[in-house]
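Peer 1: Compact mmCIF, C-alpha atoms, file query35.txt:
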# COMPACT_ATOMS: atom_id res chain seq x y z
CA MET A 15 -31.15 -31.99 -3.04
CA PRO A 16 -32.44 -29.14 -0.84
CA ARG A 17 -32.89 -31.67 1.96
CA LEU A 18 -29.32 -32.85 1.49
CA MET A 19 -28.06 -29.26 1.59
CA MET A 20 -30.08 -28.58 4.71
CA LEU A 21 -28.71 -31.73 6.29
CA LEU A 22 -25.17 -30.71 5.36
CA THR A 23 -25.72 -27.24 6.80
CA ILE A 24 -27.07 -28.68 10.03
CA MET A 25 -24.17 -31.11 10.20
CA ALA A 26 -21.72 -28.29 9.51
CA LEU A 27 -23.33 -26.43 12.40
CA PHE A 28 -22.85 -29.25 14.85
CA VAL A 29 -19.54 -30.81 13.86
CA PRO A 30 -17.33 -27.83 14.73
CA ARG A 31 -19.18 -27.11 17.94
CA ALA A 32 -18.14 -30.48 19.25
CA GLY A 33 -14.57 -29.16 19.28
CA ALA A 34 -13.54 -25.56 18.91
CA GLU A 35 -15.75 -22.76 17.73
CA PRO A 36 -14.74 -21.70 14.21
CA SER A 37 -15.40 -18.14 13.15
CA SER A 38 -17.55 -19.36 10.28
CA ALA A 39 -19.07 -22.69 9.36
CA VAL A 40 -18.95 -21.81 5.68
CA ALA A 41 -16.29 -23.53 3.60
CA PHE A 42 -15.94 -22.88 -0.11
CA ASP A 43 -15.62 -26.54 -0.96
CA SER A 44 -16.83 -28.07 -4.19
CA ALA A 45 -20.37 -28.70 -2.86
CA THR A 46 -20.80 -25.05 -1.84
CA LEU A 47 -19.27 -23.74 -5.07
CA ARG A 48 -21.56 -25.99 -7.10
CA MET A 49 -24.57 -24.76 -5.15
CA LEU A 50 -23.56 -21.13 -5.73
CA ALA A 51 -23.00 -21.79 -9.43
CA ASN A 52 -26.46 -23.39 -9.72
CA ALA A 53 -28.23 -20.72 -7.65
CA ASP A 54 -31.24 -19.13 -9.32
CA PRO A 55 -31.43 -15.30 -9.22
CA VAL A 56 -35.12 -15.38 -10.20
CA ARG A 57 -35.99 -17.39 -7.12
CA GLY A 58 -33.67 -15.08 -5.19
CA GLU A 59 -35.62 -12.03 -6.36
CA GLU A 60 -38.87 -13.59 -5.16
CA LEU A 61 -37.30 -14.32 -1.79
CA ALA A 62 -36.02 -10.74 -1.59
CA GLN A 63 -39.53 -9.44 -2.25
CA THR A 64 -41.25 -11.70 0.29
CA GLY A 65 -38.51 -11.06 2.84
CA LYS A 66 -38.81 -7.29 2.27
CA CYS A 67 -35.03 -6.88 1.98
CA TYR A 68 -35.71 -3.55 0.22
CA LYS A 69 -36.84 -2.00 3.49
CA CYS A 70 -33.22 -1.62 4.60
CA HIS A 71 -31.19 -2.34 1.47
CA GLY A 72 -33.20 -0.31 -1.08
CA ASP A 73 -35.15 -1.43 -4.14
CA ALA A 74 -32.00 -2.01 -6.17
CA GLY A 75 -29.72 -3.16 -3.35
CA VAL A 76 -28.43 0.37 -2.64
CA SER A 77 -29.61 1.48 0.77
CA GLU A 78 -30.81 4.92 1.75
CA ASP A 79 -29.68 4.71 5.35
CA PRO A 80 -25.86 5.04 5.35
CA ASP A 81 -25.58 2.57 8.22
CA ASP A 82 -27.07 -0.18 6.07
CA ILE A 83 -24.79 -1.97 3.68
CA ASN A 84 -25.18 -1.69 -0.09
CA ILE A 85 -25.62 -5.22 -1.34
CA ALA A 86 -26.09 -4.63 -5.07
CA GLY A 87 -23.33 -6.29 -7.07
CA MET A 88 -21.85 -8.04 -4.03
CA SER A 89 -20.21 -11.33 -5.03
CA SER A 90 -22.61 -14.19 -4.41
CA SER A 91 -19.96 -16.14 -2.48
CA TYR A 92 -19.41 -13.29 -0.02
CA ALA A 93 -23.14 -12.60 0.35
CA TYR A 94 -23.83 -16.30 0.86
CA LYS A 95 -21.17 -16.52 3.55
CA GLN A 96 -22.52 -13.51 5.42
CA LEU A 97 -26.12 -14.73 5.24
CA THR A 98 -25.05 -18.14 6.52
CA ASP A 99 -23.00 -16.53 9.27
CA TYR A 100 -26.07 -14.53 10.36
CA LEU A 101 -28.07 -17.74 10.38
CA ASP A 102 -25.40 -19.53 12.42
CA LYS A 103 -25.08 -16.50 14.73
CA LYS A 104 -21.43 -16.22 13.73
CA ARG A 105 -22.14 -12.65 12.77
CA ASP A 106 -24.21 -10.82 15.28
CA SER A 107 -27.35 -9.06 14.09
CA ARG A 108 -30.83 -9.65 15.47
CA ASP A 109 -32.50 -8.15 12.42
CA MET A 110 -30.53 -10.18 9.95
CA TYR A 111 -30.96 -13.38 11.98
CA LYS A 112 -34.72 -12.85 11.98
CA SER A 113 -34.65 -12.26 8.23
CA VAL A 114 -32.76 -15.43 7.35
CA ARG A 115 -33.70 -17.93 10.06
CA LYS A 116 -36.41 -19.63 7.98
CA LEU A 117 -34.27 -19.96 4.85
CA ASP A 118 -32.23 -22.99 3.87
CA ALA A 119 -28.77 -22.99 2.29
CA ARG A 120 -30.09 -23.09 -1.27
CA GLN A 121 -32.43 -20.16 -0.65
CA LEU A 122 -29.56 -18.15 0.81
CA ALA A 123 -27.54 -18.95 -2.32
CA ASP A 124 -30.47 -17.85 -4.54
CA LEU A 125 -30.76 -14.60 -2.63
CA ALA A 126 -27.02 -13.99 -2.94
CA ALA A 127 -27.19 -14.77 -6.67
CA TRP A 128 -29.99 -12.21 -7.16
CA TYR A 129 -28.13 -9.34 -5.52
CA ALA A 130 -24.96 -10.27 -7.40
CA THR A 131 -26.77 -9.46 -10.66
CA LEU A 132 -27.63 -5.88 -9.64
CA GLU A 133 -25.56 -2.86 -10.60
CA PRO A 134 -23.30 -1.81 -7.68
CA ALA A 135 -23.19 1.77 -6.41
CA GLN A 136 -20.26 3.76 -7.75
CA PRO A 137 -17.49 5.23 -5.60
CA ALA A 138 -17.58 9.00 -5.17
CA PRO A 139 -15.95 10.86 -8.09
CA GLN A 140 -13.85 12.90 -5.69
CA ARG A 141 -12.17 10.23 -3.61
CA ASN A 142 -9.95 10.76 -0.66
CA ARG A 143 -6.49 11.39 -2.15
CA ASP A 144 -4.60 11.66 1.13
CA PRO A 145 -1.16 10.13 0.34
CA ALA A 146 -1.09 8.22 3.65
CA ILE A 147 -4.42 6.59 2.82
CA LEU A 148 -3.40 5.80 -0.77
CA ARG A 149 -0.27 4.18 0.64
CA LEU A 150 -2.36 1.95 2.89
CA VAL A 151 -4.66 1.07 -0.01
CA PHE A 152 -1.94 0.16 -2.49
CA LYS A 153 1.17 -0.62 -0.41
CA GLY A 154 -0.05 -1.41 3.09
CA ASP A 155 2.27 -0.87 6.03
CA PRO A 156 4.84 -3.65 6.46
CA GLU A 157 5.92 -2.38 9.88
CA ARG A 158 2.45 -3.00 11.26
CA MET A 159 1.99 -6.07 9.06
CA ILE A 160 -0.89 -4.37 7.27
CA LYS A 161 -1.39 -5.78 3.80
CA ALA A 162 -2.50 -3.38 1.09
CA CYS A 163 -6.30 -3.25 0.89
CA ALA A 164 -5.93 -3.69 -2.87
CA SER A 165 -4.19 -7.05 -2.54
CA CYS A 166 -7.36 -8.77 -1.31
CA HIS A 167 -10.12 -6.37 -2.30
CA GLY A 168 -8.78 -5.64 -5.78
CA ARG A 169 -6.96 -2.63 -7.19
CA ARG A 170 -10.26 -0.97 -7.94
CA GLY A 171 -11.92 -2.20 -4.76
CA ARG A 172 -14.21 -4.50 -6.71
CA GLY A 173 -13.57 -7.44 -4.42
CA GLY A 174 -11.61 -10.66 -4.66
CA GLN A 175 -12.28 -14.35 -4.49
CA PHE A 176 -14.87 -15.99 -2.21
CA ASP A 177 -14.95 -14.07 1.06
CA HIS A 178 -13.20 -10.88 -0.03
CA PRO A 179 -15.95 -8.31 -0.54
CA ALA A 180 -16.03 -5.32 -2.88
CA LEU A 181 -15.47 -2.04 -1.04
CA ALA A 182 -15.83 0.54 -3.78
CA GLY A 183 -19.21 2.22 -3.68
CA GLN A 184 -20.03 1.06 -0.17
CA GLN A 185 -21.69 3.32 2.41
CA ARG A 186 -19.08 5.36 4.27
CA GLU A 187 -20.76 4.90 7.65
CA TYR A 188 -21.05 1.18 7.09
CA LEU A 189 -17.33 0.90 6.27
CA VAL A 190 -16.39 2.83 9.41
CA LEU A 191 -18.74 0.69 11.48
CA SER A 192 -17.38 -2.58 10.06
CA LEU A 193 -13.72 -1.65 10.47
CA ASN A 194 -14.40 -0.60 14.06
CA GLU A 195 -16.25 -3.83 14.72
CA PHE A 196 -13.27 -5.82 13.39
CA LYS A 197 -10.88 -3.63 15.37
CA GLU A 198 -12.75 -4.16 18.63
CA GLY A 199 -13.44 -7.83 17.92
CA ASP A 200 -17.21 -7.26 17.88
CA ARG A 201 -17.26 -8.83 14.45
CA ASP A 202 -15.27 -12.04 14.27
CA ASN A 203 -16.58 -14.06 11.33
CA ASP A 204 -13.39 -13.48 9.31
CA ILE A 205 -11.68 -16.85 9.07
CA TYR A 206 -8.23 -16.89 10.72
CA ALA A 207 -8.84 -13.28 11.90
CA ARG A 208 -7.52 -12.03 8.58
CA MET A 209 -9.45 -8.75 8.77
CA ARG A 210 -9.26 -8.38 12.56
CA SER A 211 -5.46 -8.58 12.47
CA VAL A 212 -5.41 -5.66 10.02
CA ALA A 213 -8.16 -3.56 11.62
CA GLU A 214 -6.71 -3.78 15.13
CA THR A 215 -3.66 -1.79 14.08
CA LEU A 216 -5.55 0.92 12.19
CA THR A 217 -6.08 4.28 13.88
CA GLU A 218 -9.44 6.05 13.99
CA GLU A 219 -8.20 8.58 11.42
CA GLU A 220 -7.08 5.82 9.08
CA ILE A 221 -10.44 4.08 9.38
CA GLU A 222 -12.21 7.34 8.51
CA GLY A 223 -9.78 7.99 5.67
CA LEU A 224 -10.10 4.51 4.18
CA ALA A 225 -13.88 4.65 4.40
CA ALA A 226 -13.82 8.03 2.64
CA TYR A 227 -11.59 6.55 -0.07
CA TYR A 228 -13.87 3.63 -0.90
CA ALA A 229 -17.27 5.11 -0.13
CA THR A 230 -20.00 6.01 -2.54
CA ALA A 231 -20.94 9.67 -2.94
CA VAL A 232 -22.87 11.16 -0.02
CA PRO A 233 -26.41 11.99 -1.24
CA GLU A 234 -26.80 15.75 -1.63
CA ALA A 235 -29.64 15.93 0.87
CA ALA A 236 -27.36 14.54 3.58
CA GLN A 237 -24.53 17.01 3.01
CA MET B 7 31.95 -39.71 -33.69
CA SER B 8 31.99 -42.44 -36.30
CA ILE B 9 28.79 -44.01 -34.97
CA ASP B 10 26.65 -41.14 -33.77
CA PRO B 11 23.53 -42.43 -32.03
CA LEU B 12 21.72 -39.21 -33.02
CA ARG B 13 22.11 -40.04 -36.71
CA HIS B 14 18.82 -41.93 -36.71
CA VAL B 15 16.88 -38.90 -35.53
CA CYS B 16 18.76 -36.07 -37.16
CA GLU B 17 20.39 -35.70 -40.58
CA ASP B 18 22.17 -32.37 -40.22
CA PRO B 19 25.64 -32.64 -38.56
CA LEU B 20 25.45 -29.06 -37.22
CA GLU B 21 22.13 -29.77 -35.53
CA ARG B 22 23.55 -32.98 -34.07
CA LYS B 23 26.55 -31.04 -32.72
CA TRP B 24 24.34 -28.55 -30.92
CA THR B 25 22.11 -31.32 -29.63
CA TRP B 26 25.18 -32.97 -28.12
CA ILE B 27 26.32 -29.69 -26.55
CA SER B 28 22.89 -29.19 -24.96
CA LEU B 29 22.77 -32.75 -23.67
CA ILE B 30 26.26 -32.48 -22.18
CA LEU B 31 25.46 -29.12 -20.54
CA ALA B 32 22.27 -30.54 -19.02
CA SER B 33 24.13 -33.62 -17.74
CA VAL B 34 26.93 -31.51 -16.22
CA MET B 35 24.40 -29.27 -14.42
CA GLY B 36 22.40 -32.26 -13.24
CA GLY B 37 25.63 -33.85 -12.01
CA VAL B 38 26.64 -30.71 -10.09
CA LEU B 39 23.20 -30.55 -8.44
CA GLY B 40 23.32 -34.23 -7.58
CA PHE B 41 26.84 -33.97 -6.19
CA TYR B 42 26.01 -31.05 -3.91
CA ALA B 43 22.76 -32.65 -2.79
CA LEU B 44 24.63 -35.81 -1.79
CA ALA B 45 27.73 -34.07 -0.42
CA SER B 46 25.73 -31.65 1.80
CA ASN B 47 23.15 -34.28 2.76
CA LEU B 48 20.28 -32.16 1.42
CA HIS B 49 16.91 -33.79 1.24
CA PRO B 50 13.43 -32.46 0.53
CA PRO B 51 10.78 -32.67 3.26
CA SER B 52 9.31 -36.09 2.69
CA ASN B 53 6.16 -35.81 4.77
CA VAL B 54 3.05 -36.61 2.74
CA GLU B 55 -0.27 -36.00 4.43
CA THR B 56 -3.35 -34.75 2.68
CA ILE B 57 -5.97 -32.30 3.92
CA ASP B 58 -8.94 -30.50 2.36
CA SER B 59 -7.68 -26.93 2.00
CA SER B 60 -11.14 -25.46 1.47
CA ARG B 61 -12.30 -26.77 4.86
CA LEU B 62 -9.09 -26.03 6.74
CA HIS B 63 -10.71 -23.87 9.43
CA LEU B 64 -13.22 -26.66 10.10
CA SER B 65 -10.52 -29.33 10.39
CA GLU B 66 -9.28 -30.70 13.68
CA GLU B 67 -5.62 -29.72 13.47
CA PHE B 68 -5.88 -26.37 11.70
CA ALA B 69 -8.92 -25.01 13.55
CA GLU B 70 -8.45 -21.37 14.46
CA ASP B 71 -7.83 -21.98 18.16
CA LYS B 72 -5.39 -24.83 17.51
CA LEU B 73 -2.81 -22.72 15.71
CA GLY B 74 0.43 -21.60 17.30
CA VAL B 75 3.25 -23.08 19.34
CA LYS B 76 2.71 -26.22 21.42
CA THR B 77 5.25 -27.99 23.62
CA ASN B 78 5.53 -31.75 23.19
CA PRO B 79 6.19 -34.11 26.13
CA ASP B 80 9.85 -34.50 25.06
CA GLY B 81 10.46 -30.74 25.21
CA SER B 82 10.43 -30.20 21.46
CA LEU B 83 7.95 -27.78 19.93
CA THR B 84 5.28 -28.12 17.28
CA ILE B 85 4.10 -25.01 15.47
CA THR B 86 0.84 -25.28 13.59
CA MET B 87 0.38 -22.53 11.01
CA VAL B 88 -1.88 -21.70 8.14
CA ALA B 89 -0.72 -19.89 5.02
CA ALA B 90 -3.54 -17.94 3.41
CA ARG B 91 -3.51 -15.01 1.05
CA TYR B 92 -1.76 -12.88 2.32
CA GLY B 93 -0.21 -13.94 5.57
CA PHE B 94 0.87 -16.74 7.84
CA TYR B 95 -1.42 -17.28 10.78
CA PRO B 96 -0.92 -16.71 13.66
CA PRO B 97 1.00 -13.64 12.47
CA ARG B 98 3.40 -13.57 15.44
CA ILE B 99 5.11 -16.58 16.95
CA GLU B 100 7.84 -16.92 19.53
CA VAL B 101 10.16 -19.90 19.94
CA PRO B 102 13.15 -20.55 22.21
CA VAL B 103 16.60 -20.82 20.69
CA ASP B 104 18.36 -24.21 20.23
CA THR B 105 15.16 -26.19 20.56
CA PRO B 106 13.91 -28.66 17.94
CA VAL B 107 10.88 -27.14 16.26
CA THR B 108 8.52 -28.98 13.94
CA LEU B 109 6.49 -26.69 11.72
CA ARG B 110 3.27 -28.13 10.38
CA MET B 111 1.72 -25.85 7.80
CA ALA B 112 -1.18 -25.97 5.38
CA SER B 113 -2.51 -23.60 2.77
CA ALA B 114 -6.09 -22.37 2.91
CA ASP B 115 -6.12 -21.34 -0.73
CA VAL B 116 -3.33 -21.45 -3.33
CA LEU B 117 0.31 -22.56 -3.55
CA HIS B 118 2.50 -20.76 -1.04
CA GLY B 119 6.05 -21.17 0.16
CA VAL B 120 7.66 -20.21 3.41
CA HIS B 121 11.21 -19.13 3.96
CA VAL B 122 12.91 -17.69 7.02
CA PRO B 123 15.93 -15.70 5.78
CA GLY B 124 19.09 -16.33 7.77
CA THR B 125 18.02 -19.85 8.75
CA ASN B 126 17.65 -23.13 6.87
CA MET B 127 13.86 -23.14 7.28
CA THR B 128 12.08 -23.29 3.96
CA THR B 129 9.34 -25.36 2.39
CA MET B 130 6.58 -25.21 -0.16
CA ILE B 131 3.00 -25.24 1.09
CA VAL B 132 0.91 -27.02 -1.49
CA PRO B 133 -2.87 -26.82 -1.19
CA GLY B 134 -4.28 -30.19 -0.22
CA TYR B 135 -1.14 -31.27 1.66
CA ILE B 136 0.36 -30.68 5.08
CA SER B 137 3.96 -29.49 4.93
CA GLU B 138 6.13 -30.59 7.81
CA VAL B 139 9.67 -29.38 8.48
CA THR B 140 11.79 -29.90 11.56
CA THR B 141 14.56 -27.45 12.31
CA THR B 142 16.36 -25.74 15.17
CA PHE B 143 16.83 -21.99 15.30
CA THR B 144 20.35 -21.35 16.53
CA ARG B 145 20.36 -17.54 16.80
CA THR B 146 18.09 -15.29 18.83
CA GLY B 147 16.46 -12.33 17.17
CA GLU B 148 13.56 -11.18 15.06
CA PHE B 149 13.00 -13.13 11.86
CA SER B 150 10.45 -12.94 9.10
CA LEU B 151 8.46 -15.73 7.56
CA LEU B 152 8.26 -14.83 3.88
CA CYS B 153 6.19 -16.33 1.12
CA ASN B 154 8.48 -17.40 -1.71
CA GLU B 155 5.97 -18.82 -4.18
CA TYR B 156 4.04 -16.23 -6.16
CA CYS B 157 0.49 -16.43 -4.80
CA GLY B 158 -1.28 -13.30 -6.03
CA LEU B 159 -1.39 -9.50 -5.86
CA GLY B 160 -0.37 -9.33 -2.20
CA HIS B 161 2.44 -11.89 -2.47
CA ASP B 162 5.13 -9.30 -1.74
CA GLN B 163 3.34 -8.37 1.49
CA MET B 164 2.85 -11.92 2.67
CA TRP B 165 5.03 -12.20 5.72
CA SER B 166 4.80 -12.65 9.44
CA ARG B 167 7.10 -12.44 12.45
CA LEU B 168 9.11 -15.08 14.20
CA SER B 169 10.91 -14.17 17.42
CA VAL B 170 13.64 -16.51 18.55
CA VAL B 171 14.25 -15.84 22.24
CA GLU B 172 16.58 -17.14 24.96
CA LYS B 173 15.47 -20.42 26.52
CA PRO B 174 13.33 -19.93 29.60
CA GLY B 175 15.47 -20.46 32.70
CA GLY B 176 18.58 -19.09 30.94
CA GLY B 177 19.44 -22.45 29.33
CA GLY B 178 20.72 -20.76 26.14
Output the file's structure in the form of structure tokens.
Peer 2:
Amino acid sequence: MPRLMMLLTIMALFVPRAGAEPSSAVAFDSATLRMLANADPVRGEELAQTGKCYKCHGDAGVSEDPDDINIAGMSSSYAYKQLTDYLDKKRDSRDMYKSVRKLDARQLADLAAWYATLEPAQPAPQRNRDPAILRLVFKGDPERMIKACASCHGRRGRGGQFDHPALAGQQREYLVLSLNEFKEGDRDNDIYARMRSVAETLTEEEIEGLAAYYATAVPEAAQ
Amino acid sequence: MSIDPLRHVCEDPLERKWTWISLILASVMGGVLGFYALASNLHPPSNVETIDSSRLHLSEEFAEDKLGVKTNPDGSLTITMVAARYGFYPPRIEVPVDTPVTLRMASADVLHGVHVPGTNMTTMIVPGYISEVTTTFTRTGEFSLLCNEYCGLGHDQMWSRLSVVEKPGGGG
């Protein structure tokens, strides 16, 4: 079975390259969903230990460096997609590529399953209550064709299906960085440019404001 | 009413009366629908092609760089679009007026619909199938593609823009 998965992954890598270059080779088809459902968090924890994921992402998946993403409680489907995208160089990060390059699809699924079991960081108790930001979060901006953040990422920012990540409790700096990467096109592993098309119309102030709305509390030492 | 066919299934005359009223009402409404469908030559899009919705972005036709407006050798246009929660991609398309346009659309996730108010363009987009509609936009202007099948929390924000412009070379 692992061999079959590996073969499928390799095939998935080569088939699209023959034609156009898709933004991600991950498809949430029944084979992938079955693999994610059968993933083993215990094996994932072992992989996380040997891979020293804690060095950047913290012992419990909550990182100390605000530039590094909190991965505790992230949905396994989203984490699996990102890990695979790093492996396929669809999402650009030397460090992450080096961390995942020796893992196969099932191991990536195990890793994703392990972090999905951890308790996510909580959003700051005093969130950004700027009415313009709340409007973007819950209503969007039809004029700019911006969908409400809540429609895909959930009303409480806990994430949606498959490749819609949770935002609540994320690092503020990481959110700003990601939105800017989508805005500038530096990150392009969102299928059909669904996030890029939103981020490209956001202003710098809105990006800061949205990040402040969803972010976890800033540690006291950093204030 | 001497030989009521409903007598074998229902004893109570009052119940039989109301059953008849319901049946007649349903037949009249069905007849009206049928009449207007025939009289106005309405017909549902009959194209049946299947596609794996979960692998849409890895497919040949609906790959990310294959979407948009393409001109066919006969001068007609084919628009390839994907409906995914919550938008139609590509989000902005431009077509010339009075030109036959074939829209080929597929859903990347759940059931969607597409409707362009002010025109006769409408179809359901069922996951697993390719929807194909051919129409001609007869007025220039800015139109919206709206989702008209409830698809989730962002359904009311699921729309994109269609610009119908003068034909190049002033043909319109």
Peer 1: Compile a residue-level contact table for chain A against chain B at a cut-off of 10 Å, reporting for every qualifying residue the shortest atom pair and its distance in Å to one decimal, with only C-alpha atoms counted, rows ordered by chain and ascending number, as CSV.
Peer 2:
residue,atom,partner,partner_atom,distance
A:Ala26,CA,B:Leu64,CA,8.7
A:Val29,CA,B:Leu64,CA,8.4
A:Pro30,CA,B:Leu64,CA,6.3
A:Arg31,CA,B:Leu64,CA,9.9
A:Gly33,CA,B:Glu66,CA,7.9
A:Ala34,CA,B:Asp71,CA,6.8
A:Glu35,CA,B:Asp71,CA,8.0
A:Pro36,CA,B:Glu70,CA,6.3
A:Ser37,CA,B:Glu70,CA,7.8
A:Ser38,CA,B:His63,CA,8.2
A:Ala39,CA,B:Leu64,CA,7.1
A:Val40,CA,B:Arg61,CA,8.3
A:Ala41,CA,B:Arg61,CA,5.3
A:Phe42,CA,B:Ser60,CA,5.7
A:Asp43,CA,B:Ser60,CA,5.2
A:Ser44,CA,B:Ser60,CA,8.4
A:Phe152,CA,B:Gly160,CA,9.6
A:Lys153,CA,B:Gln163,CA,8.3
A:Gly154,CA,B:Gln163,CA,7.9
A:Asp155,CA,B:Gln163,CA,8.8
A:Pro156,CA,B:Gln163,CA,7.0
A:Met159,CA,B:Ser166,CA,7.2
A:Ile160,CA,B:Gln163,CA,8.2
A:Lys161,CA,B:Gln163,CA,5.9
A:Ala162,CA,B:Gly160,CA,7.1
A:Cys163,CA,B:Gly160,CA,9.0
A:Ala164,CA,B:Gly160,CA,7.9
A:Ser165,CA,B:Gly160,CA,4.5
A:Cys166,CA,B:Gly160,CA,7.1
A:His167,CA,B:Leu159,CA,9.9
A:Gly168,CA,B:Leu159,CA,8.3
A:Arg169,CA,B:Leu159,CA,8.9
A:Ile205,CA,B:His63,CA,7.1
A:Tyr206,CA,B:Glu70,CA,5.8
A:Ala207,CA,B:Glu70,CA,8.5
A:Arg208,CA,B:Gly93,CA,8.1
A:Ser211,CA,B:Pro97,CA,8.2
Peer 1: Atom CA of A:Tyr92 and atom CA of A:Pro179, how far apart in Å?
Peer 2: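 Going from atom CA of A:Pro179 over to atom CA of A:Tyr92, I get 6.1 Å.
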Peer 1: Excluding A:Ala74 and any residue of its chain fewer than 3 positions from it, enumerate the residues within 9 Å of it, using all atoms listed in the file, and give them as an mmCIF file with C-alpha atoms, keeping the file's coordinate frame.
Peer 2:
data_model
loop_
_atom_site.group_PDB
_atom_site.id
_atom_site.type_symbol
_atom_site.label_atom_id
_atom_site.label_comp_id
_atom_site.auth_asym_id
_atom_site.auth_seq_id
_atom_site.Cartn_x
_atom_site.Cartn_y
_atom_site.Cartn_z
ATOM 1 C CA TYR A 68 -35.710 -3.550 0.220
ATOM 2 C CA HIS A 71 -31.190 -2.340 1.470
ATOM 3 C CA SER A 77 -29.610 1.480 0.770
ATOM 4 C CA ILE A 85 -25.620 -5.220 -1.340
ATOM 5 C CA ALA A 86 -26.090 -4.630 -5.070
ATOM 6 C CA TYR A 129 -28.130 -9.340 -5.520
ATOM 7 C CA LEU A 132 -27.630 -5.880 -9.640
ATOM 8 C CA GLU A 133 -25.560 -2.860 -10.600
ATOM 9 C CA PRO A 134 -23.300 -1.810 -7.680
#
Peer 1: Go ahead and compute the interatomic distance for atom CA of A:Thr46 and atom CA of B:Gly74, in Å to one decimal.
Peer 2: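 Between atom CA of A:Thr46 and atom CA of B:Gly74 the gap is 28.8 Å.
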Peer 1: Rounded to one decimal place, report the atom CA of A:Lys69-atom CA of A:Phe176 distance in Å.
Peer 2: 26.7 Å
